[in-house]
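**Q** Sharing structure27.cif below, mmCIF, C-alpha atoms:
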```cif
data_coords
loop_
_atom_site.group_PDB
_atom_site.id
_atom_site.type_symbol
_atom_site.label_atom_id
_atom_site.label_comp_id
_atom_site.auth_asym_id
_atom_site.auth_seq_id
_atom_site.Cartn_x
_atom_site.Cartn_y
_atom_site.Cartn_z
ATOM 1 C CA MET D 1 70.759 109.389 -110.369
ATOM 2 C CA LEU D 2 69.103 111.167 -107.434
ATOM 3 C CA LEU D 3 66.905 113.088 -109.868
ATOM 4 C CA VAL D 4 65.774 109.803 -111.460
ATOM 5 C CA ILE D 5 64.850 108.367 -108.038
ATOM 6 C CA GLU D 6 62.954 111.554 -107.149
ATOM 7 C CA GLN D 7 60.975 111.421 -110.410
ATOM 8 C CA LEU D 8 60.263 107.714 -109.895
ATOM 9 C CA LEU D 9 58.783 108.587 -106.495
ATOM 10 C CA ASN D 10 56.733 111.377 -108.100
ATOM 11 C CA GLY D 11 55.511 108.860 -110.666
ATOM 12 C CA LEU D 12 54.607 106.438 -107.885
ATOM 13 C CA GLN D 13 52.670 109.159 -106.052
ATOM 14 C CA LEU D 14 50.718 110.061 -109.217
ATOM 15 C CA GLY D 15 50.124 106.377 -109.873
ATOM 16 C CA ILE D 16 48.732 105.879 -106.363
ATOM 17 C CA THR D 17 46.322 108.814 -106.819
ATOM 18 C CA LEU D 18 45.181 107.357 -110.145
ATOM 19 C CA PHE D 19 44.764 103.945 -108.504
ATOM 20 C CA LEU D 20 42.389 105.382 -105.882
ATOM 21 C CA MET D 21 40.284 106.763 -108.757
ATOM 22 C CA ALA D 22 40.592 103.702 -110.968
ATOM 23 C CA ALA D 23 39.777 101.231 -108.183
ATOM 24 C CA GLY D 24 36.386 102.856 -107.586
ATOM 25 C CA LEU D 25 35.587 103.206 -111.272
ATOM 26 C CA THR D 26 36.635 99.657 -112.147
ATOM 27 C CA LEU D 27 34.571 98.307 -109.226
ATOM 28 C CA VAL D 28 31.482 100.064 -110.552
ATOM 29 C CA PHE D 29 31.977 98.990 -114.159
ATOM 30 C CA GLY D 30 33.288 95.494 -113.459
ATOM 31 C CA ILE D 31 30.550 94.615 -110.966
ATOM 32 C CA MET D 32 27.590 96.779 -111.980
ATOM 33 C CA GLN D 33 28.337 97.151 -115.716
ATOM 34 C CA VAL D 34 27.691 100.906 -115.510
ATOM 35 C CA ILE D 35 29.828 103.494 -117.307
ATOM 36 C CA ASN D 36 30.008 106.350 -114.810
ATOM 37 C CA LEU D 37 31.468 109.522 -116.313
ATOM 38 C CA ALA D 38 30.541 111.406 -113.124
ATOM 39 C CA HIS D 39 33.186 109.555 -111.094
ATOM 40 C CA GLY D 40 35.467 112.597 -111.309
ATOM 41 C CA SER D 41 32.748 114.664 -109.625
ATOM 42 C CA PHE D 42 33.147 112.622 -106.423
ATOM 43 C CA TYR D 43 36.882 113.389 -106.567
ATOM 44 C CA MET D 44 36.018 117.091 -106.852
ATOM 45 C CA ILE D 45 33.484 116.909 -103.992
ATOM 46 C CA GLY D 46 36.075 115.221 -101.769
ATOM 47 C CA ALA D 47 38.606 117.948 -102.544
ATOM 48 C CA TYR D 48 36.153 120.818 -101.907
ATOM 49 C CA VAL D 49 34.701 119.401 -98.681
ATOM 50 C CA GLY D 50 38.199 118.519 -97.438
ATOM 51 C CA ALA D 51 39.587 122.001 -98.223
ATOM 52 C CA THR D 52 36.613 123.684 -96.517
ATOM 53 C CA VAL D 53 36.782 121.570 -93.349
ATOM 54 C CA ALA D 54 40.576 121.950 -93.166
ATOM 55 C CA ALA D 55 40.271 125.742 -93.483
ATOM 56 C CA HIS D 56 37.689 125.946 -90.656
ATOM 57 C CA THR D 57 39.128 123.386 -88.243
ATOM 58 C CA GLY D 58 42.840 123.261 -89.084
ATOM 59 C CA SER D 59 42.639 119.458 -88.863
ATOM 60 C CA PHE D 60 43.595 117.416 -91.911
ATOM 61 C CA LEU D 61 42.262 114.225 -90.309
ATOM 62 C CA LEU D 62 38.805 115.794 -89.859
ATOM 63 C CA ALA D 63 39.015 117.113 -93.416
ATOM 64 C CA MET D 64 39.769 113.619 -94.714
ATOM 65 C CA LEU D 65 36.908 112.026 -92.751
ATOM 66 C CA ALA D 66 34.467 114.699 -93.925
ATOM 67 C CA ALA D 67 35.632 114.387 -97.548
ATOM 68 C CA VAL D 68 35.291 110.613 -97.792
ATOM 69 C CA GLY D 69 31.973 110.726 -95.901
ATOM 70 C CA ALA D 70 30.537 113.406 -98.192
ATOM 71 C CA ALA D 71 31.721 111.646 -101.361
ATOM 72 C CA ALA D 72 30.330 108.285 -100.196
ATOM 73 C CA LEU D 73 26.987 109.844 -99.207
ATOM 74 C CA VAL D 74 26.621 111.692 -102.525
ATOM 75 C CA GLY D 75 27.615 108.501 -104.349
ATOM 76 C CA CYS D 76 24.919 106.465 -102.579
ATOM 77 C CA VAL D 77 22.285 109.120 -103.332
ATOM 78 C CA VAL D 78 23.304 109.231 -107.024
ATOM 79 C CA GLU D 79 23.123 105.436 -107.256
ATOM 80 C CA ILE D 80 19.633 105.318 -105.699
ATOM 81 C CA LEU D 81 18.146 108.257 -107.601
ATOM 82 C CA VAL D 82 19.833 107.912 -111.013
ATOM 83 C CA LEU D 83 21.981 104.872 -111.736
ATOM 84 C CA ARG D 84 19.588 102.263 -110.335
ATOM 85 C CA HIS D 85 17.297 103.068 -113.262
ATOM 86 C CA LEU D 86 20.093 102.602 -115.811
ATOM 87 C CA TYR D 87 21.406 99.093 -115.059
ATOM 88 C CA ARG D 88 19.423 97.435 -117.829
ATOM 89 C CA ARG D 89 19.759 100.327 -120.258
ATOM 90 C CA GLN D 90 22.317 100.624 -123.029
ATOM 91 C CA HIS D 91 25.757 102.063 -122.270
ATOM 92 C CA LEU D 92 24.933 105.133 -124.375
ATOM 93 C CA ASP D 93 22.083 105.989 -121.971
ATOM 94 C CA GLN D 94 24.471 105.612 -119.030
ATOM 95 C CA VAL D 95 27.055 107.851 -120.699
ATOM 96 C CA LEU D 96 24.489 110.593 -121.419
ATOM 97 C CA ALA D 97 22.985 110.452 -117.916
ATOM 98 C CA THR D 98 26.334 110.544 -116.103
ATOM 99 C CA PHE D 99 27.606 113.291 -118.433
ATOM 100 C CA GLY D 100 24.572 115.298 -117.305
ATOM 101 C CA LEU D 101 25.635 114.654 -113.707
ATOM 102 C CA ILE D 102 29.062 116.168 -114.464
ATOM 103 C CA MET D 103 27.360 119.395 -115.596
ATOM 104 C CA PHE D 104 25.078 119.369 -112.551
ATOM 105 C CA PHE D 105 27.881 118.906 -110.027
ATOM 106 C CA ASN D 106 30.179 121.467 -111.682
ATOM 107 C CA GLU D 107 27.445 124.108 -111.526
ATOM 108 C CA LEU D 108 26.522 123.124 -107.967
ATOM 109 C CA ILE D 109 30.160 123.581 -106.906
ATOM 110 C CA ARG D 110 30.215 127.043 -108.529
ATOM 111 C CA ILE D 111 26.984 128.012 -106.742
ATOM 112 C CA VAL D 112 28.165 126.816 -103.311
ATOM 113 C CA TRP D 113 31.877 127.715 -103.428
ATOM 114 C CA GLY D 114 32.162 130.213 -106.279
ATOM 115 C CA ARG D 115 34.447 130.180 -109.302
ATOM 116 C CA GLN D 116 37.738 130.962 -107.568
ATOM 117 C CA PRO D 117 40.056 128.013 -106.795
ATOM 118 C CA LEU D 118 40.555 126.972 -103.180
ATOM 119 C CA PHE D 119 43.976 126.211 -101.813
ATOM 120 C CA MET D 120 44.587 123.566 -99.173
ATOM 121 C CA ASN D 121 47.669 123.657 -96.978
ATOM 122 C CA VAL D 122 49.820 120.616 -96.419
ATOM 123 C CA PRO D 123 49.148 119.329 -92.860
ATOM 124 C CA ALA D 124 51.520 121.013 -90.388
ATOM 125 C CA GLY D 125 53.062 117.761 -89.177
ATOM 126 C CA LEU D 126 53.718 116.600 -92.729
ATOM 127 C CA ASN D 127 55.005 119.884 -94.180
ATOM 128 C CA LYS D 128 58.622 118.806 -94.176
ATOM 129 C CA SER D 129 61.001 116.505 -96.013
ATOM 130 C CA ILE D 130 62.609 113.180 -95.189
ATOM 131 C CA GLU D 131 66.127 112.506 -96.475
ATOM 132 C CA LEU D 132 65.654 109.117 -98.122
ATOM 133 C CA LEU D 133 69.250 109.027 -99.375
ATOM 134 C CA PRO D 134 72.166 111.440 -98.841
ATOM 135 C CA GLY D 135 71.256 114.485 -100.937
ATOM 136 C CA LEU D 136 67.714 113.256 -101.654
ATOM 137 C CA PRO D 137 65.120 114.987 -99.453
ATOM 138 C CA TYR D 138 61.530 114.055 -100.367
ATOM 139 C CA PRO D 139 58.297 115.668 -99.128
ATOM 140 C CA THR D 140 56.805 113.718 -96.230
ATOM 141 C CA TYR D 141 53.257 114.388 -97.428
ATOM 142 C CA ARG D 142 53.862 112.672 -100.786
ATOM 143 C CA LEU D 143 55.248 109.630 -98.953
ATOM 144 C CA VAL D 144 52.059 109.547 -96.850
ATOM 145 C CA VAL D 145 49.944 109.625 -100.042
ATOM 146 C CA ILE D 146 51.901 106.620 -101.337
ATOM 147 C CA ALA D 147 51.466 104.760 -98.030
ATOM 148 C CA VAL D 148 47.696 105.435 -97.909
ATOM 149 C CA GLY D 149 47.275 104.160 -101.481
ATOM 150 C CA LEU D 150 49.166 100.960 -100.680
ATOM 151 C CA LEU D 151 46.991 100.413 -97.581
ATOM 152 C CA VAL D 152 43.831 100.905 -99.668
ATOM 153 C CA ALA D 153 45.083 98.345 -102.214
ATOM 154 C CA LEU D 154 45.707 95.860 -99.383
ATOM 155 C CA PHE D 155 42.258 96.560 -97.895
ATOM 156 C CA LEU D 156 40.506 95.976 -101.231
ATOM 157 C CA TRP D 157 42.382 92.728 -101.795
ATOM 158 C CA LEU D 158 41.491 91.464 -98.306
ATOM 159 C CA MET D 159 37.844 92.508 -98.714
ATOM 160 C CA PHE D 160 37.338 90.763 -102.048
ATOM 161 C CA ALA D 161 39.455 87.696 -101.343
ATOM 162 C CA LYS D 162 38.709 86.996 -97.688
ATOM 163 C CA THR D 163 35.273 88.359 -96.658
ATOM 164 C CA LYS D 164 31.677 87.249 -97.154
ATOM 165 C CA VAL D 165 30.726 90.663 -98.553
ATOM 166 C CA GLY D 166 33.522 90.403 -101.111
ATOM 167 C CA MET D 167 32.278 86.969 -102.133
ATOM 168 C CA GLN D 168 28.720 88.313 -102.537
ATOM 169 C CA ILE D 169 29.951 91.242 -104.627
ATOM 170 C CA ARG D 170 31.933 88.928 -106.924
ATOM 171 C CA ALA D 171 28.962 86.579 -107.217
ATOM 172 C CA GLY D 172 26.625 89.499 -107.947
ATOM 173 C CA SER D 173 28.863 90.634 -110.794
ATOM 174 C CA SER D 174 28.645 87.168 -112.372
ATOM 175 C CA ASN D 175 24.942 86.428 -111.865
ATOM 176 C CA ARG D 176 22.732 89.131 -110.387
ATOM 177 C CA GLU D 177 19.529 87.045 -110.491
ATOM 178 C CA MET D 178 21.022 83.976 -108.803
ATOM 179 C CA ILE D 179 22.506 85.838 -105.849
ATOM 180 C CA GLY D 180 19.211 87.700 -105.442
ATOM 181 C CA ALA D 181 17.385 84.346 -105.347
ATOM 182 C CA LEU D 182 19.731 83.229 -102.562
ATOM 183 C CA GLY D 183 18.408 86.024 -100.349
ATOM 184 C CA VAL D 184 21.063 88.713 -100.831
ATOM 185 C CA ASN D 185 19.687 92.256 -101.176
ATOM 186 C CA ILE D 186 21.375 93.019 -104.482
ATOM 187 C CA ASN D 187 20.124 96.640 -104.582
ATOM 188 C CA LEU D 188 21.705 97.351 -101.190
ATOM 189 C CA LEU D 189 24.876 95.560 -102.264
ATOM 190 C CA TYR D 190 25.141 97.681 -105.417
ATOM 191 C CA THR D 191 24.533 100.874 -103.431
ATOM 192 C CA LEU D 192 27.345 99.943 -101.044
ATOM 193 C CA VAL D 193 29.698 99.129 -103.955
ATOM 194 C CA PHE D 194 28.935 102.449 -105.626
ATOM 195 C CA GLY D 195 29.333 104.272 -102.306
ATOM 196 C CA LEU D 196 32.727 102.588 -101.809
ATOM 197 C CA GLY D 197 33.816 103.668 -105.293
ATOM 198 C CA ALA D 198 32.733 107.258 -104.570
ATOM 199 C CA LEU D 199 34.518 107.131 -101.184
ATOM 200 C CA LEU D 200 37.794 106.138 -102.872
ATOM 201 C CA ALA D 201 37.391 108.999 -105.366
ATOM 202 C CA GLY D 202 36.741 111.417 -102.490
ATOM 203 C CA LEU D 203 39.867 110.121 -100.718
ATOM 204 C CA ALA D 204 41.903 110.744 -103.878
ATOM 205 C CA GLY D 205 40.453 114.262 -104.081
ATOM 206 C CA VAL D 206 41.221 115.288 -100.506
ATOM 207 C CA MET D 207 44.747 113.861 -100.715
ATOM 208 C CA ALA D 208 45.376 115.698 -103.999
ATOM 209 C CA GLY D 209 44.053 118.958 -102.472
ATOM 210 C CA PRO D 210 47.378 120.133 -100.944
ATOM 211 C CA ILE D 211 49.228 119.250 -104.190
ATOM 212 C CA LEU D 212 46.816 120.695 -106.790
ATOM 213 C CA ALA D 213 44.456 123.676 -106.926
ATOM 214 C CA VAL D 214 40.896 122.791 -105.910
ATOM 215 C CA GLU D 215 38.682 124.200 -108.680
ATOM 216 C CA PRO D 216 35.435 123.488 -110.563
ATOM 217 C CA GLY D 217 35.847 120.840 -113.252
ATOM 218 C CA MET D 218 39.002 119.378 -111.699
ATOM 219 C CA GLY D 219 37.501 115.904 -111.938
ATOM 220 C CA GLU D 220 37.409 115.774 -115.733
ATOM 221 C CA SER D 221 41.166 115.843 -116.373
ATOM 222 C CA ILE D 222 41.910 113.047 -113.894
ATOM 223 C CA LEU D 223 38.907 111.070 -115.179
ATOM 224 C CA ILE D 224 40.517 110.842 -118.640
ATOM 225 C CA LEU D 225 43.723 109.474 -117.099
ATOM 226 C CA THR D 226 41.629 107.090 -114.993
ATOM 227 C CA PHE D 227 39.922 105.628 -118.062
ATOM 228 C CA VAL D 228 43.347 105.134 -119.654
ATOM 229 C CA VAL D 229 44.441 103.279 -116.496
ATOM 230 C CA ILE D 230 41.396 100.991 -116.608
ATOM 231 C CA VAL D 231 41.779 100.204 -120.307
ATOM 232 C CA ILE D 232 45.482 99.396 -119.845
ATOM 233 C CA GLY D 233 44.924 97.299 -116.711
ATOM 234 C CA GLY D 234 41.803 95.463 -117.849
ATOM 235 C CA ILE D 235 38.204 96.480 -117.192
ATOM 236 C CA GLY D 236 36.838 95.245 -113.865
ATOM 237 C CA SER D 237 40.198 94.162 -112.436
ATOM 238 C CA ILE D 238 41.607 95.637 -109.217
ATOM 239 C CA ARG D 239 44.985 94.047 -109.982
ATOM 240 C CA GLY D 240 44.811 95.650 -113.417
ATOM 241 C CA ALA D 241 43.967 99.014 -111.830
ATOM 242 C CA VAL D 242 47.134 98.806 -109.718
ATOM 243 C CA ALA D 243 49.346 97.863 -112.677
ATOM 244 C CA GLY D 244 47.770 100.390 -115.053
ATOM 245 C CA ALA D 245 47.932 103.239 -112.527
ATOM 246 C CA LEU D 246 51.609 102.661 -111.770
ATOM 247 C CA LEU D 247 52.470 102.398 -115.479
ATOM 248 C CA VAL D 248 50.583 105.583 -116.382
ATOM 249 C CA GLY D 249 52.003 107.470 -113.392
ATOM 250 C CA MET D 250 55.582 106.505 -114.247
ATOM 251 C CA VAL D 251 55.322 107.101 -118.013
ATOM 252 C CA ASP D 252 53.610 110.486 -117.594
ATOM 253 C CA THR D 253 55.991 111.739 -114.895
ATOM 254 C CA LEU D 254 59.241 110.464 -116.428
ATOM 255 C CA GLY D 255 58.230 111.693 -119.884
ATOM 256 C CA ARG D 256 57.591 115.230 -118.659
ATOM 257 C CA ALA D 257 60.789 115.238 -116.580
ATOM 258 C CA PHE D 258 63.342 113.797 -118.996
ATOM 259 C CA LEU D 259 62.101 114.091 -122.588
ATOM 260 C CA PRO D 260 63.057 117.789 -122.942
ATOM 261 C CA SER D 261 66.694 117.231 -121.921
ATOM 262 C CA LEU D 262 66.977 114.106 -124.100
ATOM 263 C CA LEU D 263 65.636 115.894 -127.169
ATOM 264 C CA ARG D 264 67.910 118.903 -126.590
ATOM 265 C CA THR D 265 70.851 116.648 -127.414
ATOM 266 C CA ILE D 266 69.641 116.300 -131.016
ATOM 267 C CA LEU D 267 67.394 119.364 -131.556
ATOM 268 C CA ALA D 268 67.539 123.111 -130.948
ATOM 269 C CA THR D 269 66.335 124.055 -127.465
ATOM 270 C CA ALA D 270 63.074 125.734 -128.533
ATOM 271 C CA THR D 271 62.182 122.893 -130.916
ATOM 272 C CA ALA D 272 63.124 120.243 -128.367
ATOM 273 C CA ASP D 273 60.922 121.813 -125.669
ATOM 274 C CA SER D 274 57.983 122.085 -128.054
ATOM 275 C CA VAL D 275 58.305 118.506 -129.326
ATOM 276 C CA ALA D 276 58.881 117.169 -125.802
ATOM 277 C CA ALA D 277 55.723 118.858 -124.494
ATOM 278 C CA SER D 278 53.680 117.244 -127.272
ATOM 279 C CA LEU D 279 55.266 113.819 -126.871
ATOM 280 C CA SER D 280 54.869 113.919 -123.085
ATOM 281 C CA SER D 281 51.148 114.571 -123.453
ATOM 282 C CA MET D 282 50.865 111.734 -125.979
ATOM 283 C CA ALA D 283 53.025 109.217 -124.118
ATOM 284 C CA ILE D 284 50.300 107.510 -122.071
ATOM 285 C CA TYR D 285 48.033 107.185 -125.113
ATOM 286 C CA ILE D 286 50.871 105.671 -127.141
ATOM 287 C CA LEU D 287 51.426 103.273 -124.214
ATOM 288 C CA MET D 288 47.719 102.393 -124.175
ATOM 289 C CA ALA D 289 47.676 101.728 -127.921
ATOM 290 C CA ALA D 290 50.790 99.523 -127.712
ATOM 291 C CA ILE D 291 49.353 97.455 -124.836
ATOM 292 C CA LEU D 292 45.995 97.019 -126.610
ATOM 293 C CA VAL D 293 47.774 95.762 -129.740
ATOM 294 C CA TRP D 294 49.584 93.232 -127.538
ATOM 295 C CA LYS D 295 46.678 92.426 -125.185
ATOM 296 C CA PRO D 296 43.332 93.702 -126.530
ATOM 297 C CA ARG D 297 41.542 93.144 -123.180
ATOM 298 C CA GLY D 298 44.230 94.846 -121.088
ATOM 299 C CA LEU D 299 47.003 93.428 -118.922
ATOM 300 C CA PHE D 300 44.817 91.710 -116.311
ATOM 301 C CA PRO D 301 41.208 91.358 -117.569
ATOM 302 C CA ALA D 302 38.729 90.456 -114.834
ATOM 303 C CA HIS D 303 37.283 87.396 -116.530
ATOM 304 C CA GLY D 304 38.846 84.848 -118.826
#
```
Reformat the file's structure so that it appears as C-alpha cells.

**A**
Amino acid sequence: MLLVIEQLLNGLQLGITLFLMAAGLTLVFGIMQVINLAHGSFYMIGAYVGATVAAHTGSFLLAMLAAVGAAALVGCVVEILVLRHLYRRQHLDQVLATFGLIMFFNELIRIVWGRQPLFMNVPAGLNKSIELLPGLPYPTYRLVVIAVGLLVALFLWLMFAKTKVGMQIRAGSSNREMIGALGVNINLLYTLVFGLGALLAGLAGVMAGPILAVEPGMGESILILTFVVIVIGGIGSIRGAVAGALLVGMVDTLGRAFLPSLLRTILATATADSVAASLSSMAIYILMAAILVWKPRGLFPAHG
C-alpha cells in the first residue's frame, strides 16, 4: 500500500511538470493559433541557465529566477522575430519554422555548454525526506515541485478569470480584429502571452534539473508527452491541461512501476519484463486513443 501511495505521488509530480509545459503550449495554441514545436527548447534553456547559475552561486532561488527570466526573454524574442510573421500562415509553415528553431537551439546549446550533460544538485534545504505516513518517507524537493505546480495553476486561473489582462487575452483569442479596434495593442498582448508560455516551460526545466540530466535535446522527449497531454485535455484549455497532465503522469508512472510485477504472475520473468516495458511506453498513447474515441475534442475543449 505504501508503495502505491509513493508511486501516486511520483505520478503527481510528473503530472505537475507536464502541466507547466502544457499550460504554456496550450496558451500559445489556444489563443494565438500557432503550433510551436520549439516549446521544448525553452524548457531546455531554463534547465541549462538554472544549472549554470546554481553551480556558480549555490543558490537555487537565483537559479530559478535566472531560468524563468532567460526563457521568457528568449520566448519574447522568438515571437517578435519569427512567430509574428507566421500567424496568418498555414500550420505546416508554423511546424517547419518551429522545427528549424529546435535545430537552432540544440546546436546553440552545444556551442555554449558543450555536449556533456550538466548535473544540478537538489537545493541543500530540500535535500531530505518528509515522513508522510509511518514508513513512507518522500523527498521534500518533489513535494515542493508539486506545490509550485499547484500555485501556478491557481495563478493562471485567477489571471484569466479575474483580471483585465486575462479578459483581453480571452477576447483576443476569439476576435483579434475587434479587440485591436478597441485600442488594445494585440501584438504586445501576443508577445506577453508567448513570453508567459516560455516562462512556464523554463520553470518546468529548472525544476526538473535536479531530477533529470540536463543535456542537449532534452526538450524533445517531454514535448511529445506535452502534446499528448494537450490532445487528451482539449486544445486551448487550461482546465484540460491540468486534467490531461495528471492523467498522463499517473498512467505513465503507475504503468512503469506495476506492470512488470503484474505480468510476472502469468508470464516468465524475462518475457514479462520485455512485454511490460513495451506496454508501459504505449500506455499513454492507448489512453489518448481511448479518450479521443469517447471525446474527439478532448476532455475539456476550450470552445463549445

**Q** Which residue gives the smallest distance to Ile235 (chain D) among D:Met282, D:Leu299, D:Ala71, D:Ala63, with only C-alpha atoms counted?

**A**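 Once distances to Ile235 (chain D) are computed over only C-alpha atoms, the minimum belongs to D:Leu299.
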
**Q** Starting from the displayed file, determine the output of the PyMOL selection byres ((chain D and resi 300) around 6) and express the residue list as a PDB file with C-alpha atoms, in the coordinates of the input.

**A**
```pdb
ATOM      1  CA  GLY D 233      44.924  97.299-116.711  1.00  0.00           C
ATOM      2  CA  GLY D 234      41.803  95.463-117.849  1.00  0.00           C
ATOM      3  CA  GLY D 240      44.811  95.650-113.417  1.00  0.00           C
ATOM      4  CA  GLY D 298      44.230  94.846-121.088  1.00  0.00           C
ATOM      5  CA  LEU D 299      47.003  93.428-118.922  1.00  0.00           C
ATOM      6  CA  PRO D 301      41.208  91.358-117.569  1.00  0.00           C
TER       7      PRO D 301
END
```

**Q** Looking at D:Leu101, D:Leu27, D:Leu14, D:Ala124, which one is nearest to Ser59 (chain D), with distances taken over all atoms listed in the file?

**A**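 Using all atoms listed in the file, the shortest distance to Ser59 (chain D) belongs to D:Ala124.
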
**Q** Within 6 Å of region 203-213 of chain D, counting all atoms listed in the file, which residues show up once you throw out same-chain ones fewer than 5 positions away? Write them as a list in words, please.

**A**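 Counting all atoms listed in the file, the residues come to Thr17, Leu20, Tyr43, Met44, Gly46, Ala47, Gly50, Val68, Phe119, Met120, Asn121 and Val122 of chain D.
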
**Q** Write out as number ranges by chain each polymer residue whose atoms come within 9 Å of region 135-139 of chain D, counting only C-alpha atoms; drop sequence neighbours fewer than 3 positions from it.

**A** D: 2-3, 5-6, 9, 126-132, 142-143

**Q** Could you tell me which of D:Leu262, D:Ala51, D:Ile238, D:Ala257 comes closest to Ala302 (chain D) if we count all atoms listed in the file?

**A**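 Distance minimum relative to Ala302 (chain D) lands on D:Ile238.
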